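Asker: Below is run06.pdb; it holds PDB, C-alpha atoms.
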MODEL        1
ATOM      1  CA  MET A   1     -46.117 -24.530 -27.610
ATOM      2  CA  LYS A   2     -46.998 -23.778 -31.249
ATOM      3  CA  LYS A   3     -47.729 -20.131 -30.344
ATOM      4  CA  PHE A   4     -44.356 -19.856 -28.605
ATOM      5  CA  LEU A   5     -42.488 -21.323 -31.588
ATOM      6  CA  SER A   6     -44.423 -19.075 -33.988
ATOM      7  CA  LEU A   7     -43.604 -16.028 -31.867
ATOM      8  CA  MET A   8     -39.928 -17.020 -31.786
ATOM      9  CA  LEU A   9     -39.828 -17.495 -35.568
ATOM     10  CA  VAL A  10     -41.517 -14.134 -36.179
ATOM     11  CA  SER A  11     -39.093 -12.467 -33.703
ATOM     12  CA  LEU A  12     -36.099 -14.050 -35.425
ATOM     13  CA  ALA A  13     -37.394 -13.019 -38.843
ATOM     14  CA  LEU A  14     -37.901  -9.416 -37.675
ATOM     15  CA  ALA A  15     -34.434  -9.392 -36.096
ATOM     16  CA  ALA A  16     -32.902 -10.729 -39.322
ATOM     17  CA  ILE A  17     -34.688  -8.099 -41.403
ATOM     18  CA  THR A  18     -33.647  -5.328 -39.014
ATOM     19  CA  ILE A  19     -30.024  -6.470 -38.885
ATOM     20  CA  SER A  20     -29.702  -7.053 -42.633
ATOM     21  CA  SER A  21     -31.258  -3.651 -43.382
ATOM     22  CA  GLY A  22     -28.201  -1.934 -41.912
ATOM     23  CA  VAL A  23     -30.278   0.059 -39.441
ATOM     24  CA  TYR A  24     -27.767  -0.766 -36.699
ATOM     25  CA  ASN A  25     -24.739   1.453 -37.279
ATOM     26  CA  PHE A  26     -21.417  -0.265 -36.476
ATOM     27  CA  ALA A  27     -19.351   2.914 -36.926
ATOM     28  CA  ALA A  28     -17.040   3.661 -34.001
ATOM     29  CA  THR A  29     -18.270   7.252 -34.182
ATOM     30  CA  GLU A  30     -21.793   6.203 -33.191
ATOM     31  CA  LYS A  31     -22.595   5.039 -29.674
ATOM     32  CA  HIS A  32     -24.450   1.782 -29.148
ATOM     33  CA  TRP A  33     -28.128   1.897 -28.383
ATOM     34  CA  PRO A  34     -28.472   2.037 -24.567
ATOM     35  CA  ILE A  35     -29.931  -1.479 -24.420
ATOM     36  CA  THR A  36     -27.104  -2.792 -26.631
ATOM     37  CA  GLU A  37     -24.472  -1.100 -24.461
ATOM     38  CA  LYS A  38     -25.924  -2.566 -21.257
ATOM     39  CA  LEU A  39     -26.174  -6.023 -22.823
ATOM     40  CA  ILE A  40     -22.577  -5.937 -24.132
ATOM     41  CA  GLU A  41     -21.271  -4.706 -20.766
ATOM     42  CA  TRP A  42     -23.169  -7.410 -18.885
ATOM     43  CA  ILE A  43     -21.907 -10.137 -21.233
ATOM     44  CA  ARG A  44     -18.301  -8.809 -21.111
ATOM     45  CA  ILE A  45     -18.185  -8.583 -17.308
ATOM     46  CA  SER A  46     -19.843 -11.991 -16.888
ATOM     47  CA  SER A  47     -17.428 -13.589 -19.344
ATOM     48  CA  ILE A  48     -14.326 -12.069 -17.741
ATOM     49  CA  ASN A  49     -15.494 -13.054 -14.239
ATOM     50  CA  ALA A  50     -16.326 -16.609 -15.312
ATOM     51  CA  HIS A  51     -13.001 -17.151 -17.078
ATOM     52  CA  ALA A  52     -10.869 -15.401 -14.442
ATOM     53  CA  LYS A  53     -12.416 -16.791 -11.243
ATOM     54  CA  ASP A  54      -9.931 -19.663 -10.767
ATOM     55  CA  ILE A  55      -6.785 -17.703 -11.608
ATOM     56  CA  GLU A  56      -4.192 -17.679  -8.815
ATOM     57  CA  VAL A  57      -2.859 -14.182  -8.140
ATOM     58  CA  PRO A  58       0.841 -13.997  -7.231
ATOM     59  CA  PRO A  59       2.217 -11.297  -4.897
ATOM     60  CA  LEU A  60       2.071  -8.045  -6.858
ATOM     61  CA  ASP A  61       4.299  -5.812  -4.751
ATOM     62  CA  SER A  62       7.805  -6.684  -5.900
ATOM     63  CA  GLY A  63       9.831  -3.665  -7.032
ATOM     64  CA  ASP A  64      11.273  -5.678  -9.907
ATOM     65  CA  MET A  65       7.759  -6.676 -10.973
ATOM     66  CA  ILE A  66       6.688  -3.013 -11.021
ATOM     67  CA  ARG A  67       9.771  -2.071 -13.084
ATOM     68  CA  ILE A  68       9.057  -4.828 -15.611
ATOM     69  CA  GLY A  69       5.372  -3.869 -15.744
ATOM     70  CA  ALA A  70       6.288  -0.200 -16.270
ATOM     71  CA  THR A  71       8.597  -1.110 -19.151
ATOM     72  CA  HIS A  72       5.926  -3.114 -20.924
ATOM     73  CA  TYR A  73       3.075  -0.718 -20.157
ATOM     74  CA  HIS A  74       5.090   2.238 -21.438
ATOM     75  CA  ALA A  75       5.957   0.417 -24.669
ATOM     76  CA  MET A  76       2.617  -1.213 -25.403
ATOM     77  CA  CYS A  77      -0.282   0.415 -23.567
ATOM     78  CA  THR A  78       0.069   4.204 -23.563
ATOM     79  CA  GLY A  79      -1.355   4.658 -27.061
ATOM     80  CA  CYS A  80      -4.780   3.584 -25.791
ATOM     81  CA  HIS A  81      -4.669   3.685 -21.966
ATOM     82  CA  LEU A  82      -2.433   6.766 -21.739
ATOM     83  CA  ALA A  83      -0.030   7.616 -18.903
ATOM     84  CA  PRO A  84      -0.203  10.168 -16.098
ATOM     85  CA  GLY A  85      -0.238  13.674 -17.569
ATOM     86  CA  MET A  86      -0.475  12.365 -21.117
ATOM     87  CA  GLU A  87      -2.920  14.007 -23.509
ATOM     88  CA  PRO A  88      -5.282  11.695 -25.409
ATOM     89  CA  THR A  89      -3.705  10.226 -28.539
ATOM     90  CA  GLU A  90      -5.264  10.020 -31.990
ATOM     91  CA  LEU A  91      -5.716   6.312 -31.337
ATOM     92  CA  SER A  92      -7.320   6.695 -27.901
ATOM     93  CA  ILE A  93      -9.723   9.357 -29.175
ATOM     94  CA  GLY A  94     -10.921   7.081 -31.989
ATOM     95  CA  LEU A  95     -11.651   4.041 -29.823
ATOM     96  CA  TYR A  96     -15.182   2.974 -29.012
ATOM     97  CA  PRO A  97     -15.577   1.824 -26.405
ATOM     98  CA  GLN A  98     -12.952   4.084 -24.847
ATOM     99  CA  ALA A  99     -10.040   2.329 -23.168
ATOM    100  CA  PRO A 100      -9.819   2.821 -19.385
ATOM    101  CA  VAL A 101      -7.256   5.377 -18.202
ATOM    102  CA  PHE A 102      -5.748   3.547 -15.230
ATOM    103  CA  SER A 103      -3.889   6.512 -13.752
ATOM    104  CA  GLN A 104      -7.251   8.269 -13.265
ATOM    105  CA  ARG A 105      -8.889   5.392 -11.418
ATOM    106  CA  GLU A 106      -9.423   5.406  -7.674
ATOM    107  CA  THR A 107      -6.896   3.545  -5.553
ATOM    108  CA  ILE A 108      -8.363   0.249  -4.407
ATOM    109  CA  SER A 109      -7.772  -0.631  -0.775
ATOM    110  CA  ASN A 110     -10.279  -3.460  -0.417
ATOM    111  CA  GLN A 111      -8.216  -6.662  -0.811
ATOM    112  CA  ALA A 112     -11.136  -8.779  -2.083
ATOM    113  CA  GLU A 113     -11.978  -6.185  -4.740
ATOM    114  CA  MET A 114      -8.301  -5.885  -5.697
ATOM    115  CA  LEU A 115      -7.981  -9.669  -5.993
ATOM    116  CA  GLY A 116     -11.008  -9.858  -8.287
ATOM    117  CA  LEU A 117      -9.781  -6.990 -10.427
ATOM    118  CA  ALA A 118      -6.281  -8.490 -10.623
ATOM    119  CA  LYS A 119      -7.715 -11.748 -11.953
ATOM    120  CA  GLY A 120      -9.827  -9.860 -14.488
ATOM    121  CA  TYR A 121      -6.975  -7.591 -15.602
ATOM    122  CA  PHE A 122      -4.695 -10.598 -16.038
ATOM    123  CA  TRP A 123      -7.283 -12.476 -18.086
ATOM    124  CA  VAL A 124      -8.033  -9.447 -20.288
ATOM    125  CA  ILE A 125      -4.361  -8.621 -20.911
ATOM    126  CA  LYS A 126      -3.605 -12.259 -21.719
ATOM    127  CA  ASN A 127      -6.660 -12.966 -23.896
ATOM    128  CA  GLY A 128      -7.760  -9.566 -25.217
ATOM    129  CA  ILE A 129     -11.353  -8.506 -25.784
ATOM    130  CA  LYS A 130     -13.157  -8.903 -29.085
ATOM    131  CA  MET A 131     -14.284  -5.757 -30.895
ATOM    132  CA  THR A 132     -12.533  -3.364 -28.477
ATOM    133  CA  ALA A 133      -8.996  -3.101 -29.938
ATOM    134  CA  MET A 134      -7.641  -4.812 -26.788
ATOM    135  CA  PRO A 135      -5.059  -7.288 -28.112
ATOM    136  CA  ALA A 136      -4.318 -10.714 -26.650
ATOM    137  CA  TRP A 137      -0.837 -10.059 -25.246
ATOM    138  CA  GLY A 138      -0.659 -13.665 -24.019
ATOM    139  CA  LEU A 139       0.232 -14.683 -27.562
ATOM    140  CA  SER A 140       3.557 -12.856 -27.265
ATOM    141  CA  HIS A 141       4.149 -12.453 -23.517
ATOM    142  CA  ASP A 142       4.530 -14.955 -20.689
ATOM    143  CA  ASP A 143       2.344 -14.989 -17.577
ATOM    144  CA  ALA A 144       5.042 -13.406 -15.381
ATOM    145  CA  THR A 145       5.237 -10.391 -17.694
ATOM    146  CA  ILE A 146       1.452 -10.067 -17.788
ATOM    147  CA  TRP A 147       1.321 -10.184 -13.965
ATOM    148  CA  ALA A 148       3.969  -7.443 -13.919
ATOM    149  CA  MET A 149       1.697  -5.285 -16.100
ATOM    150  CA  VAL A 150      -1.217  -5.977 -13.718
ATOM    151  CA  ALA A 151       0.944  -4.938 -10.756
ATOM    152  CA  PHE A 152       1.949  -1.736 -12.525
ATOM    153  CA  ILE A 153      -1.657  -0.898 -13.435
ATOM    154  CA  PHE A 154      -2.556  -0.982  -9.733
ATOM    155  CA  LYS A 155       0.413   1.283  -8.920
ATOM    156  CA  MET A 156      -0.753   3.820 -11.525
ATOM    157  CA  SER A 157      -3.807   4.948  -9.524
ATOM    158  CA  GLY A 158      -3.088   8.556  -8.647
ATOM    159  CA  MET A 159       0.463   8.392 -10.013
ATOM    160  CA  THR A 160       1.813  11.784 -11.033
ATOM    161  CA  GLN A 161       3.454  12.519 -14.349
ATOM    162  CA  ALA A 162       6.804  12.986 -12.566
ATOM    163  CA  GLN A 163       6.504   9.635 -10.770
ATOM    164  CA  TYR A 164       5.625   7.885 -14.021
ATOM    165  CA  LYS A 165       8.475   9.550 -15.889
ATOM    166  CA  GLU A 166      10.959   8.675 -13.138
ATOM    167  CA  LEU A 167       9.860   5.041 -13.120
ATOM    168  CA  THR A 168       9.743   4.588 -16.888
ATOM    169  CA  HIS A 169      13.007   6.467 -17.480
ATOM    170  CA  SER A 170      14.717   4.316 -14.863
ATOM    171  CA  THR A 171      13.629   1.319 -16.919
ATOM    172  CA  GLN A 172      15.244   2.501 -20.144
ATOM    173  CA  ASP A 173      18.464   0.792 -19.095
ATOM    174  CA  HIS A 174      16.379  -2.362 -19.053
ATOM    175  CA  ALA A 175      14.743  -1.818 -22.462
ATOM    176  CA  ALA A 176      16.056  -5.184 -23.565
ATOM    177  CA  ASP A 177      13.606  -6.694 -21.064
ATOM    178  CA  HIS A 178      10.886  -5.843 -23.531
ATOM    179  CA  GLU A 179      12.482  -7.637 -26.457
ATOM    180  CA  HIS A 180      11.346 -11.216 -26.872
ATOM    181  CA  HIS A 181      10.096 -13.717 -29.403
ATOM    182  CA  ASP A 182      12.127 -12.009 -32.142
ATOM    183  CA  HIS A 183      10.216  -8.743 -31.846
ATOM    184  CA  ALA A 184      10.266  -5.512 -29.894
ATOM    185  CA  HIS A 185       7.589  -2.874 -29.364
TER     186      HIS A 185
ENDMDL
END
Is it possible to express this structure as structure tokens?
Answerer:
Amino acid sequence: MKKFLSLMLVSLALAAITISSGVYNFAATEKHWPITEKLIEWIRISSINAHAKDIEVPPLDSGDMIRIGATHYHAMCTGCHLAPGMEPTELSIGLYPQAPVFSQRETISNQAEMLGLAKGYFWVIKNGIKMTAMPAWGLSHDDATIWAMVAFIFKMSGMTQAQYKELTHSTQDHAADHEHHDHAH
């Protein structure tokens, strides 16, 4: 037991020296070490799954829900997650890790996979993710609005630029839907 404790203390001391030396570069222009990237991804996915597992997913196919989700996505998400046909923005280029581009993702037809992703997307949009630039939109948006964004994200798979433009331009008459809590985006 003494050997184990001694080994742990030496390991902690070496880790502290390494970390305090600045050898690990936190610049967004430098990729994580492969082991660090795998560890962060594993922790992030495990955390999201654990926190999202008991979330009840409402029906996500209402036309009104898609319209509301499109309005909010267009106003709040395109700077990082882009839109169909949109070139990368200065913001999206500078992010590390890179934000997912939902319009380029494969369409999901497996209901169990879609249900799991919907829970995870909802949890992430509501709570944000530390050290990724993903804000916690649940601080300023209600659950119904967040579910609408989730529904829209699923509709974006394979969406063309023309389809996106038609949907988001048809929502401009409803721009007031995105004003709330004494702020607008």
Asker: When distances are computed from only C-alpha atoms, which of A:Thr29, A:Gln161, A:Ser20, A:Ser47 shows the smallest separation from Gln104 in chain A?
Answerer: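 Of A:Thr29, A:Gln161, A:Ser20, A:Ser47, the one nearest Gln104 in chain A, counting only C-alpha atoms, is A:Gln161.
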Asker: Suppose you want the space between CA of Leu117 in chain A and CA of Pro84 in chain A; what is it in Å?
Answerer: 20.5 Å
Asker: One decimal, in Å: what's the spacing between CA of His169 in chain A and CA of Glu90 in chain A?
Answerer: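 About the pair CA of His169 in chain A and CA of Glu90 in chain A: they are 23.6 Å apart.
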Asker: In Å, with one decimal, what is the gap from CA of Leu167 in chain A to CA of Thr71 in chain A?
Answerer: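 Pair CA of Leu167 in chain A / CA of Thr71 in chain A returns 8.7 Å.
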Asker: With distances taken over all atoms listed in the file, which residue among A:Pro34, A:Phe154, A:Cys77, A:Ala136 lies nearest Val124 in chain A?
Answerer: A:Ala136
Asker: Residue by residue, what does the PyMOL selection byres ((chain A and resi 137) around 7) grab here? Present the result as a PDB file with C-alpha atoms, in the coordinates of the input.
Answerer:
ATOM      1  CA  ILE A 125      -4.361  -8.621 -20.911  1.00  0.00           C
ATOM      2  CA  LYS A 126      -3.605 -12.259 -21.719  1.00  0.00           C
ATOM      3  CA  ASN A 127      -6.660 -12.966 -23.896  1.00  0.00           C
ATOM      4  CA  GLY A 128      -7.760  -9.566 -25.217  1.00  0.00           C
ATOM      5  CA  PRO A 135      -5.059  -7.288 -28.112  1.00  0.00           C
ATOM      6  CA  ALA A 136      -4.318 -10.714 -26.650  1.00  0.00           C
ATOM      7  CA  GLY A 138      -0.659 -13.665 -24.019  1.00  0.00           C
ATOM      8  CA  LEU A 139       0.232 -14.683 -27.562  1.00  0.00           C
ATOM      9  CA  SER A 140       3.557 -12.856 -27.265  1.00  0.00           C
ATOM     10  CA  HIS A 141       4.149 -12.453 -23.517  1.00  0.00           C
TER      11      HIS A 141
END
Asker: Can you translate the PyMOL selection byres ((chain A and resi 79) around 9) into the concrete residues it hits in this file, as a PyMOL selection string?
Answerer: chain A and resi 74-78+80-83+88-92
